[in-house]
$ cat structure-v7.cif   # mmCIF, C-alpha atoms
data_my_file
loop_
_atom_site.label_atom_id
_atom_site.label_comp_id
_atom_site.auth_asym_id
_atom_site.auth_seq_id
_atom_site.Cartn_x
_atom_site.Cartn_y
_atom_site.Cartn_z
CA MET A 9 -14.97 0.58 -15.31
CA SER A 10 -16.12 3.26 -12.93
CA ASP A 11 -15.96 0.96 -9.91
CA THR A 12 -12.31 0.17 -10.48
CA ALA A 13 -11.33 3.65 -11.62
CA LEU A 14 -8.60 5.52 -9.80
CA ALA A 15 -9.72 6.93 -6.51
CA GLN A 16 -6.46 8.15 -5.10
CA ARG A 17 -8.15 10.50 -2.64
CA ASP A 18 -9.94 7.60 -1.03
CA ILE A 19 -6.82 5.74 0.03
CA ALA A 20 -7.34 4.60 3.60
CA LEU A 21 -4.76 5.79 6.11
CA VAL A 22 -3.63 2.23 6.78
CA ASP A 23 -2.99 1.72 3.07
CA LEU A 24 -0.96 4.90 2.97
CA VAL A 25 1.05 3.95 6.05
CA ASP A 26 1.64 0.42 4.75
CA ARG A 27 3.00 1.83 1.53
CA LEU A 28 4.84 4.93 2.74
CA ILE A 29 6.43 3.39 5.82
CA GLY A 30 6.06 -0.36 5.36
CA GLY A 31 7.19 -0.11 1.72
CA GLY A 32 10.66 -0.88 0.60
CA VAL A 33 13.07 2.03 0.36
CA VAL A 34 15.85 1.85 2.87
CA ILE A 35 17.73 5.08 2.54
CA ALA A 36 18.43 6.52 5.92
CA GLY A 37 18.26 10.25 6.33
CA ASP A 38 21.17 11.67 8.24
CA ILE A 39 19.05 13.14 11.00
CA THR A 40 15.98 12.22 12.99
CA LEU A 41 14.87 8.62 13.28
CA SER A 42 17.04 5.70 12.30
CA VAL A 43 15.68 2.98 10.02
CA ALA A 44 15.16 0.67 13.01
CA ASP A 45 13.30 3.45 14.81
CA ILE A 46 11.00 3.96 11.86
CA ASP A 47 10.28 0.23 11.72
CA LEU A 48 9.29 0.38 15.36
CA VAL A 49 7.13 3.44 14.72
CA TYR A 50 5.44 1.51 11.92
CA VAL A 51 4.56 -1.38 14.22
CA ASN A 52 3.19 1.05 16.79
CA LEU A 53 1.23 2.93 14.16
CA ARG A 54 -0.46 -0.17 12.88
CA ALA A 55 -1.48 -1.03 16.42
CA LEU A 56 -2.68 2.53 16.97
CA ILE A 57 -4.71 2.60 13.76
CA THR A 58 -6.21 -0.77 14.69
CA SER A 59 -7.31 0.43 18.08
CA VAL A 60 -8.79 3.64 16.67
CA GLY A 61 -10.60 1.60 14.01
CA THR A 62 -12.02 -0.71 16.66
CA LEU A 63 -13.17 2.26 18.68
CA GLU A 64 -14.93 3.84 15.72
CA GLU A 65 -16.59 0.57 14.86
CA SER A 66 -17.94 0.09 18.35
CA ARG A 67 -19.22 3.67 18.33
CA ARG A 68 -21.14 3.01 15.16
CA ARG A 69 -22.94 0.07 16.70
CA MET B 4 21.35 25.33 15.45
CA PRO B 5 19.68 25.39 12.05
CA ALA B 6 15.92 25.79 12.18
CA ASP B 7 15.12 23.58 9.21
CA GLY B 8 15.76 20.05 8.03
CA CYS B 9 15.54 18.77 4.48
CA TRP B 10 12.65 16.37 3.79
CA ALA B 11 13.26 14.06 0.81
CA TYR B 12 10.50 12.68 -1.41
CA CYS B 13 11.98 10.73 -4.28
CA VAL B 14 14.98 10.25 -6.54
CA THR B 15 14.78 10.87 -10.28
CA HIS B 16 17.15 11.28 -13.22
CA ALA B 17 18.70 14.75 -13.16
CA ASP B 18 17.17 15.69 -16.51
CA ALA B 19 13.60 15.50 -15.14
CA GLY B 20 12.48 18.99 -14.16
CA LEU B 21 10.29 20.10 -11.31
CA PRO B 22 6.75 21.16 -12.23
CA PRO B 23 5.77 24.47 -10.61
CA GLY B 24 3.21 24.96 -7.89
CA ILE B 25 3.54 21.73 -5.91
CA GLU B 26 3.18 22.07 -2.18
CA GLY B 27 5.60 20.29 0.13
CA VAL B 28 5.01 18.55 3.45
CA ASP B 29 5.39 21.90 5.22
CA PRO B 30 3.48 24.73 3.51
CA ALA B 31 6.35 27.17 4.06
CA GLY B 32 8.96 24.95 2.41
CA ALA B 33 8.86 25.11 -1.39
CA LEU B 34 9.69 22.02 -3.36
CA GLU B 35 13.18 22.00 -4.88
CA ARG B 36 15.70 19.60 -6.37
CA VAL B 37 19.18 18.67 -5.20
CA VAL B 38 21.22 17.44 -8.14
CA ALA B 39 24.36 15.29 -7.95
CA GLY B 40 25.74 13.95 -11.22
CA ASP B 41 22.97 12.31 -13.22
CA LEU B 42 20.58 11.96 -10.29
CA ALA B 43 18.31 14.36 -8.43
CA VAL B 44 16.35 14.15 -5.21
CA TRP B 45 13.19 16.18 -4.63
CA VAL B 46 13.23 17.92 -1.27
CA SER B 47 11.61 20.69 0.76
CA ALA B 48 12.53 22.43 3.99
CA VAL B 49 10.74 21.34 7.17
CA PRO B 50 10.98 23.05 10.57
CA LEU B 51 12.96 20.98 13.07
CA ALA B 52 10.63 22.18 15.82
CA GLU B 53 8.10 19.86 14.20
CA PHE B 54 10.27 17.34 12.34
CA GLY B 55 13.34 17.01 14.57
CA GLU B 56 13.88 13.65 16.25
CA GLY B 57 12.00 14.38 19.47
CA PRO B 58 8.97 16.19 18.01
CA LEU B 59 8.80 13.69 15.13
CA ARG B 60 8.54 10.77 17.50
CA ALA B 61 5.62 12.44 19.25
CA ASN B 62 3.96 13.65 16.05
CA LEU B 63 4.04 10.23 14.43
CA ASN B 64 1.73 9.04 17.17
CA ASP B 65 -0.76 11.75 16.30
CA LEU B 66 -2.91 10.24 13.57
CA THR B 67 -4.19 13.60 12.34
CA TRP B 68 -0.63 14.89 11.94
CA LEU B 69 0.50 11.64 10.35
CA GLU B 70 -2.34 11.61 7.88
CA ARG B 71 -1.72 15.19 6.76
CA VAL B 72 2.01 14.58 6.27
CA ALA B 73 1.51 11.19 4.60
CA ARG B 74 -1.03 12.57 2.14
CA ARG B 75 1.22 15.49 1.21
CA HIS B 76 4.20 13.17 0.73
CA GLU B 77 2.06 10.91 -1.44
CA ALA B 78 0.72 13.88 -3.42
CA VAL B 79 4.25 15.05 -4.28
CA LEU B 80 5.16 11.52 -5.36
CA GLU B 81 2.13 11.37 -7.62
CA HIS B 82 3.10 14.67 -9.23
CA ALA B 83 6.61 13.34 -9.73
CA LEU B 84 5.31 10.07 -11.12
CA ALA B 85 3.31 11.96 -13.72
CA GLU B 86 6.56 13.56 -14.92
CA THR B 87 9.16 10.84 -14.80
CA THR B 88 10.42 7.56 -13.34
CA ILE B 89 10.90 7.83 -9.58
CA VAL B 90 12.41 5.94 -6.68
CA PRO B 91 9.98 6.86 -3.90
CA LEU B 92 11.53 7.42 -0.48
CA ARG B 93 10.02 6.25 2.75
CA LEU B 94 8.07 8.73 4.85
CA CYS B 95 10.36 10.69 7.20
CA THR B 96 13.58 10.47 5.18
CA ILE B 97 15.05 13.70 6.51
CA PHE B 98 18.52 15.20 6.08
CA ALA B 99 20.24 17.90 8.09
CA ASP B 100 20.55 20.01 4.95
CA ARG B 101 20.70 19.88 1.15
CA ASP B 102 24.33 18.77 1.30
CA GLY B 103 23.24 15.69 3.23
CA ALA B 104 20.70 14.85 0.55
CA GLY B 105 23.35 15.34 -2.16
CA ARG B 106 25.78 13.12 -0.28
CA MET B 107 23.15 10.37 -0.14
CA LEU B 108 22.76 10.61 -3.94
CA ARG B 109 26.50 10.14 -4.42
CA GLU B 110 26.86 7.35 -1.87
CA GLN B 111 23.86 5.37 -3.15
CA HIS B 112 24.36 6.29 -6.78
CA ASP B 113 24.75 2.82 -8.28
CA THR B 114 21.84 1.28 -6.38
CA LEU B 115 19.55 4.20 -7.22
CA ALA B 116 20.57 4.24 -10.89
CA ASP B 117 19.91 0.48 -11.11
CA VAL B 118 16.44 0.82 -9.60
CA LEU B 119 15.61 3.74 -11.89
CA GLU B 120 16.66 1.70 -14.88
CA ARG B 121 14.54 -1.27 -13.81
CA LEU B 122 11.50 0.94 -13.19
CA ALA B 123 11.77 2.95 -16.39
CA GLY B 124 8.69 2.44 -18.56
CA ARG B 125 6.95 0.38 -15.88
CA GLN B 126 4.11 1.12 -13.48
CA GLU B 127 3.03 -0.21 -10.12
CA TRP B 128 -0.62 -1.18 -9.85
CA ALA B 129 -2.39 -2.49 -6.77
CA VAL B 130 -5.04 -5.20 -6.96
CA LYS B 131 -7.15 -6.22 -4.00
CA LEU B 132 -9.47 -9.18 -3.95
CA LEU B 133 -12.45 -8.66 -1.66
CA LEU B 134 -14.85 -11.46 -0.84
CA ASP B 135 -18.42 -11.42 0.36
CA LEU B 136 -18.22 -14.02 3.11
CA ASP B 137 -21.94 -14.82 3.15
CA GLN B 138 -21.96 -15.49 -0.56
CA LEU B 139 -18.80 -17.54 -0.27
CA ALA B 140 -20.25 -19.57 2.59
CA ALA B 141 -23.41 -20.19 0.57
CA ALA B 142 -21.33 -21.38 -2.37
CA ALA B 143 -19.31 -23.59 -0.03
CA ALA B 144 -22.47 -25.10 1.45
CA SER B 145 -23.87 -25.97 -1.96
CA GLU B 146 -20.52 -27.35 -3.09
CA GLY B 147 -20.36 -29.51 0.03
CA GLY B 148 -23.60 -31.15 -1.09
CA GLU B 149 -25.37 -30.65 2.28
CA PRO B 150 -26.50 -34.21 3.03
CA ALA B 151 -30.13 -34.22 4.11
CA THR B 152 -30.46 -35.47 7.64
CA THR B 153 -33.05 -38.04 8.59
CA ALA B 154 -32.73 -37.27 12.28
CA ALA B 155 -35.68 -35.57 13.93
CA PRO B 156 -35.28 -31.77 14.08
CA GLY B 157 -34.24 -30.63 17.52
CA SER B 158 -32.67 -33.96 18.40
CA GLY B 159 -29.05 -34.25 19.50
CA THR B 160 -28.16 -36.02 16.27
CA ALA B 161 -29.64 -33.21 14.18
CA TYR B 162 -27.65 -30.67 16.18
CA LEU B 163 -24.41 -32.56 15.72
CA THR B 164 -25.06 -33.03 12.04
CA ARG B 165 -25.73 -29.34 11.61
CA ARG B 166 -22.60 -28.39 13.51
CA ARG B 167 -20.55 -30.77 11.41
CA SER B 168 -21.83 -29.41 8.13
CA GLU B 169 -21.33 -25.83 9.31
CA ARG B 170 -17.74 -26.62 10.12
CA ARG B 171 -17.29 -28.31 6.78
CA ALA B 172 -18.80 -25.32 4.96
CA GLY B 173 -16.44 -23.00 6.84
CA GLU B 174 -13.46 -25.06 5.76
CA THR B 175 -14.71 -25.18 2.20
CA ALA B 176 -15.21 -21.39 2.21
CA GLU B 177 -11.64 -20.88 3.39
CA ARG B 178 -10.35 -23.22 0.72
CA LEU B 179 -12.39 -21.40 -1.93
CA ALA B 180 -11.03 -18.04 -0.76
CA THR B 181 -7.43 -19.27 -1.01
CA GLN B 182 -8.05 -20.81 -4.43
CA LEU B 183 -9.60 -17.61 -5.66
CA ALA B 184 -6.70 -15.48 -4.39
CA ASP B 185 -4.18 -17.90 -5.93
CA ASP B 186 -6.01 -17.89 -9.24
CA VAL B 187 -6.23 -14.10 -9.47
CA HIS B 188 -2.63 -13.62 -8.39
CA ALA B 189 -1.29 -16.29 -10.77
CA ARG B 190 -3.08 -14.70 -13.72
CA LEU B 191 -1.79 -11.21 -12.88
CA ARG B 192 1.73 -12.37 -12.08
CA GLU B 193 1.99 -14.15 -15.38
CA TRP B 194 1.08 -10.90 -17.02
CA ALA B 195 3.27 -8.58 -14.94
CA ASP B 196 7.05 -8.07 -14.95
CA ASP B 197 7.16 -8.46 -11.18
CA ALA B 198 4.69 -9.09 -8.37
CA VAL B 199 4.52 -8.76 -4.60
CA VAL B 200 1.87 -10.10 -2.25
CA ASN B 201 1.34 -7.97 0.83
CA ARG B 202 -0.48 -8.98 3.94
CA PRO B 203 -4.22 -8.44 3.56
CA GLN B 204 -5.59 -5.51 5.48
CA ASN B 205 -8.06 -5.85 8.25
CA ARG B 206 -11.45 -4.52 7.30
CA ARG B 207 -11.59 -2.39 10.42
CA LEU B 208 -8.40 -0.60 9.40
CA SER B 209 -9.11 0.11 5.80
CA GLY B 210 -12.89 0.40 5.84
CA HIS B 211 -13.31 -1.81 2.78
CA GLU B 212 -16.35 -4.01 2.31
CA GLY B 213 -15.91 -7.75 2.64
CA GLU B 214 -12.90 -9.86 3.49
CA MET B 215 -9.59 -9.07 1.78
CA ALA B 216 -8.18 -12.29 0.35
CA LEU B 217 -5.43 -10.77 -1.80
CA ASN B 218 -3.44 -7.55 -1.45
CA GLY B 219 -1.13 -7.65 -4.44
CA ALA B 220 1.16 -5.19 -6.19
CA TYR B 221 2.18 -5.65 -9.81
CA LEU B 222 4.85 -4.03 -11.90
CA ILE B 223 3.59 -3.65 -15.41
CA GLY B 224 5.03 -2.31 -18.65
CA ALA B 225 3.46 1.11 -19.24
CA ALA B 226 2.41 0.06 -22.74
CA ARG B 227 0.33 -2.82 -21.35
CA ALA B 228 -1.24 -0.89 -18.46
CA ALA B 229 -4.19 0.13 -20.63
CA GLU B 230 -5.22 -3.54 -20.86
CA LEU B 231 -5.19 -4.00 -17.09
CA PRO B 232 -8.71 -2.75 -16.29
CA ALA B 233 -10.18 -5.23 -18.77
CA LEU B 234 -8.17 -8.13 -17.34
CA VAL B 235 -9.15 -7.27 -13.78
CA ALA B 236 -12.80 -6.90 -14.80
CA GLU B 237 -12.66 -10.30 -16.49
CA LEU B 238 -11.18 -11.92 -13.38
CA GLY B 239 -13.85 -10.29 -11.21
CA GLU B 240 -16.58 -11.46 -13.55
CA ARG B 241 -15.25 -15.02 -13.55
CA HIS B 242 -15.64 -15.27 -9.77
CA ARG B 243 -18.65 -13.05 -9.29
CA ASP B 244 -20.87 -15.94 -8.18
CA LEU B 245 -18.50 -16.45 -5.24
CA GLY B 246 -18.97 -12.87 -4.10
CA ALA B 247 -15.58 -11.73 -5.40
CA ARG B 248 -14.84 -8.10 -6.10
CA LEU B 249 -11.55 -6.79 -7.46
CA GLU B 250 -10.22 -3.34 -6.73
CA LEU B 251 -7.62 -1.86 -9.05
CA ARG B 252 -5.56 1.23 -8.32
CA GLY B 253 -2.68 2.86 -10.10
CA PRO B 254 -0.30 3.85 -11.38
CA LEU B 255 1.19 4.24 -7.91
CA PRO B 256 4.60 5.36 -6.64
CA PRO B 257 6.44 2.02 -6.92
CA PHE B 258 7.06 1.40 -3.22
CA ASN B 259 6.76 -2.34 -3.65
CA PHE B 260 9.50 -2.60 -6.25
CA VAL B 261 12.38 -0.52 -4.99
CA SER B 262 13.96 -2.52 -2.20
CA ARG B 263 15.17 -5.57 -4.05
CA PRO B 264 18.46 -5.72 -5.95
#

$ encode --input "structure-v7.cif" --output "structure tokens"
Amino acid sequence: MSDTALAQRDIALVDLVDRLIGGGVVIAGDITLSVADIDLVYVNLRALITSVGTLEESRRR
Amino acid sequence: MPADGCWAYCVTHADAGLPPGIEGVDPAGALERVVAGDLAVWVSAVPLAEFGEGPLRANLNDLTWLERVARRHEAVLEHALAETTIVPLRLCTIFADRDGAGRMLREQHDTLADVLERLAGRQEWAVKLLLDLDQLAAAAASEGGEPATTAAPGSGTAYLTRRRSERRAGETAERLATQLADDVHARLREWADDAVVNRPQNRRLSGHEGEMALNGAYLIGAARAAELPALVAELGERHRDLGARLELRGPLPPFNFVSRP
């Protein structure tokens, strides 16, 4: 089962962001960004990670 | 103006203690608990110069900063998960002070207590189905029966025939991929207490090999979790000739099972 064993350290950043920001809990802190703001940040982040990923891929070619 | 805010990680029952030696999001802020009634929230101090609204907005666009903070948040959650049942909080849940965090516990008490009760004794596991597209296309071509063409090679008819069969194979491959994802998900869902299908990740973003056809999360009774690797291996084996590979990870902080009533 070594290929399906836990490899928590290898979690890709996008996976982490999807879970930690895209994931469900909606408890708003009382300072800093509102829930709507965080949702917006999440959309931007995904776009940002995509563009960085594309860049790295084209560099590897 | 206070210099620090209060970063929150997760909510637990008040009787679950804090293991020593866990580092918070900011190295200077030690992990502590804020207790209100029968609930507790794990927190640590973060400097507002870095985590206040303005700086936070800028820092979230810095992938290096984001990655460091996200990994530390996740690490604390994993420590907590090893100790007790948790309601994980979204990244950047920040309060003005500990009182703010305590107030949240009181205001959201019933919702949080309900979620904790539902999650008790259960674990979130992630299963991803990855497909080797070449292998899938080959399987699709052989399934399609590839009619032999009698047209002379290089002729217009041969070209059109080839194009047609390529298109057909592409459609068959897509259908196979969907069937495979449905089959794997159905089997796991039947076995789990709850299931969520997330949007598959782009290969460029996650760096995985192959095409992601399923990105599922499953809530599973802790007692049955030991059987999961065998089930996932069996499902992978069943579809190996189609270039299917299953990735299993867990137990994870149950982000996929906290938002619903």

$ interface_residues --input "structure-v7.cif" --of "chain B" --to "chain A" --cutoff "6 Å" --atoms "only C-alpha atoms" --output "ChimeraX atom specification"
/B:55-56,92-94,96-99,207-209,250-252,258-259,261-262

$ write_last_selection --input "structure-v7.cif" --atoms "C-alpha atoms" --output "compact mmCIF listing (two decimals), in the coordinates of the input"
# COMPACT_ATOMS: atom_id res chain seq x y z
CA GLY B 55 13.34 17.01 14.57
CA GLU B 56 13.88 13.65 16.25
CA LEU B 92 11.53 7.42 -0.48
CA ARG B 93 10.02 6.25 2.75
CA LEU B 94 8.07 8.73 4.85
CA THR B 96 13.58 10.47 5.18
CA ILE B 97 15.05 13.70 6.51
CA PHE B 98 18.52 15.20 6.08
CA ALA B 99 20.24 17.90 8.09
CA ARG B 207 -11.59 -2.39 10.42
CA LEU B 208 -8.40 -0.60 9.40
CA SER B 209 -9.11 0.11 5.80
CA GLU B 250 -10.22 -3.34 -6.73
CA LEU B 251 -7.62 -1.86 -9.05
CA ARG B 252 -5.56 1.23 -8.32
CA PHE B 258 7.06 1.40 -3.22
CA ASN B 259 6.76 -2.34 -3.65
CA VAL B 261 12.38 -0.52 -4.99
CA SER B 262 13.96 -2.52 -2.20

$ closest_residue --input "structure-v7.cif" --among "B:Leu238, B:Val187, B:Leu134, B:Ala17" --to "B:Leu42" --atoms "all atoms listed in the file"
B:Ala17

$ residues_around --input "structure-v7.cif" --residues "B:Thr88" --least-positions-apart "4" --cutoff "12 Å" --atoms "all atoms listed in the file" --output "JSON list (two decimals) with C-alpha atoms, in the coordinates of the input"
[["chain", "number", "residue", "atom", "x", "y", "z"],
["B", 13, "CYS", "CA", 11.98, 10.73, -4.28],
["B", 14, "VAL", "CA", 14.98, 10.25, -6.54],
["B", 15, "THR", "CA", 14.78, 10.87, -10.28],
["B", 16, "HIS", "CA", 17.15, 11.28, -13.22],
["B", 17, "ALA", "CA", 18.70, 14.75, -13.16],
["B", 18, "ASP", "CA", 17.17, 15.69, -16.51],
["B", 19, "ALA", "CA", 13.60, 15.50, -15.14],
["B", 20, "GLY", "CA", 12.48, 18.99, -14.16],
["B", 42, "LEU", "CA", 20.58, 11.96, -10.29],
["B", 43, "ALA", "CA", 18.31, 14.36, -8.43],
["B", 80, "LEU", "CA", 5.16, 11.52, -5.36],
["B", 81, "GLU", "CA", 2.13, 11.37, -7.62],
["B", 82, "HIS", "CA", 3.10, 14.67, -9.23],
["B", 83, "ALA", "CA", 6.61, 13.34, -9.73],
["B", 84, "LEU", "CA", 5.31, 10.07, -11.12],
["B", 115, "LEU", "CA", 19.55, 4.20, -7.22],
["B", 116, "ALA", "CA", 20.57, 4.24, -10.89],
["B", 118, "VAL", "CA", 16.44, 0.82, -9.60],
["B", 119, "LEU", "CA", 15.61, 3.74, -11.89],
["B", 120, "GLU", "CA", 16.66, 1.70, -14.88],
["B", 121, "ARG", "CA", 14.54, -1.27, -13.81],
["B", 122, "LEU", "CA", 11.50, 0.94, -13.19],
["B", 123, "ALA", "CA", 11.77, 2.95, -16.39],
["B", 124, "GLY", "CA", 8.69, 2.44, -18.56],
["B", 125, "ARG", "CA", 6.95, 0.38, -15.88],
["B", 126, "GLN", "CA", 4.11, 1.12, -13.48],
["B", 127, "GLU", "CA", 3.03, -0.21, -10.12],
["B", 225, "ALA", "CA", 3.46, 1.11, -19.24],
["B", 254, "PRO", "CA", -0.30, 3.85, -11.38],
["B", 255, "LEU", "CA", 1.19, 4.24, -7.91],
["B", 256, "PRO", "CA", 4.60, 5.36, -6.64],
["B", 257, "PRO", "CA", 6.44, 2.02, -6.92],
["B", 261, "VAL", "CA", 12.38, -0.52, -4.99]]

$ closest_residue --input "structure-v7.cif" --among "B:Ala140, B:Leu234, B:Ile89, B:Cys95" --to "B:Arg60" --atoms "only C-alpha atoms"
B:Cys95

$ atom_distance --input "structure-v7.cif" --atom1 "atom CA of B:Met107" --atom2 "atom CA of B:Glu35"
16.0 Å

$ residues_near_point --input "structure-v7.cif" --point "(-6.7, 12.8, 5.3)" --cutoff "10 Å" --atoms "only C-alpha atoms" --output "PyMOL selection string"
(chain A and resi 17-21) or (chain B and resi 66-75)

$ closest_residue --input "structure-v7.cif" --among "B:Ala180, B:Ala226, B:Met215, B:Leu132" --to "B:Gly239" --atoms "all atoms listed in the file"
B:Leu132

$ resolve_selection --input "structure-v7.cif" --expression "the PyMOL selection byres ((chain B and resi 109) around 12)" --output "ChimeraX atom specification"
/B:14,37-44,102-108,110-116

$ atom_distance --input "structure-v7.cif" --atom1 "atom CA of B:Thr181" --atom2 "atom CA of B:Ala195"
20.6 Å

$ atom_distance --input "structure-v7.cif" --atom1 "atom CA of B:Ala220" --atom2 "atom CA of B:Pro22"
27.6 Å

$ build_atoms --input "structure-v7.cif" --residues "stretch 54-70 of chain B" --atoms "N, CA, C and O atoms" --output "CSV table (one decimal), in the coordinates of the input"
chain,number,residue,atom,x,y,z
B,54,PHE,N,9.8,18.6,13.0
B,54,PHE,CA,10.3,17.3,12.3
B,54,PHE,C,11.6,16.8,12.9
B,54,PHE,O,12.2,15.9,12.3
B,55,GLY,N,12.1,17.5,13.9
B,55,GLY,CA,13.3,17.0,14.6
B,55,GLY,C,13.0,15.7,15.3
B,55,GLY,O,11.9,15.3,15.4
B,56,GLU,N,14.1,15.0,15.7
B,56,GLU,CA,13.9,13.6,16.2
B,56,GLU,C,12.8,13.6,17.4
B,56,GLU,O,11.9,12.7,17.3
B,57,GLY,N,12.9,14.4,18.4
B,57,GLY,CA,12.0,14.4,19.5
B,57,GLY,C,10.6,14.7,19.1
B,57,GLY,O,9.7,13.8,19.3
B,58,PRO,N,10.3,15.9,18.4
B,58,PRO,CA,9.0,16.2,18.0
B,58,PRO,C,8.4,15.2,17.0
B,58,PRO,O,7.2,14.8,17.1
B,59,LEU,N,9.3,14.6,16.2
B,59,LEU,CA,8.8,13.7,15.1
B,59,LEU,C,8.2,12.4,15.8
B,59,LEU,O,7.2,11.9,15.4
B,60,ARG,N,9.0,12.0,16.8
B,60,ARG,CA,8.5,10.8,17.5
B,60,ARG,C,7.1,11.0,18.1
B,60,ARG,O,6.3,10.1,18.0
B,61,ALA,N,6.9,12.1,18.7
B,61,ALA,CA,5.6,12.4,19.2
B,61,ALA,C,4.6,12.6,18.2
B,61,ALA,O,3.5,12.1,18.2
B,62,ASN,N,4.9,13.4,17.1
B,62,ASN,CA,4.0,13.6,16.0
B,62,ASN,C,3.5,12.4,15.3
B,62,ASN,O,2.4,12.3,14.8
B,63,LEU,N,4.4,11.4,15.2
B,63,LEU,CA,4.0,10.2,14.4
B,63,LEU,C,3.0,9.4,15.1
B,63,LEU,O,2.3,8.6,14.6
B,64,ASN,N,2.8,9.7,16.4
B,64,ASN,CA,1.7,9.0,17.2
B,64,ASN,C,0.4,9.8,17.1
B,64,ASN,O,-0.6,9.4,17.7
B,65,ASP,N,0.4,10.9,16.5
B,65,ASP,CA,-0.8,11.8,16.3
B,65,ASP,C,-1.3,11.5,14.9
B,65,ASP,O,-0.8,11.9,13.9
B,66,LEU,N,-2.4,10.7,14.9
B,66,LEU,CA,-2.9,10.2,13.6
B,66,LEU,C,-3.3,11.4,12.6
B,66,LEU,O,-3.2,11.2,11.4
B,67,THR,N,-3.8,12.5,13.2
B,67,THR,CA,-4.2,13.6,12.3
B,67,THR,C,-2.9,14.2,11.7
B,67,THR,O,-2.9,14.5,10.5
B,68,TRP,N,-1.9,14.4,12.5
B,68,TRP,CA,-0.6,14.9,11.9
B,68,TRP,C,-0.1,13.9,10.9
B,68,TRP,O,0.3,14.3,9.8
B,69,LEU,N,0.0,12.7,11.2
B,69,LEU,CA,0.5,11.6,10.4
B,69,LEU,C,-0.2,11.6,9.0
B,69,LEU,O,0.4,11.6,7.9
B,70,GLU,N,-1.5,11.7,9.1
B,70,GLU,CA,-2.3,11.6,7.9
B,70,GLU,C,-2.1,12.8,7.0
B,70,GLU,O,-1.9,12.7,5.8
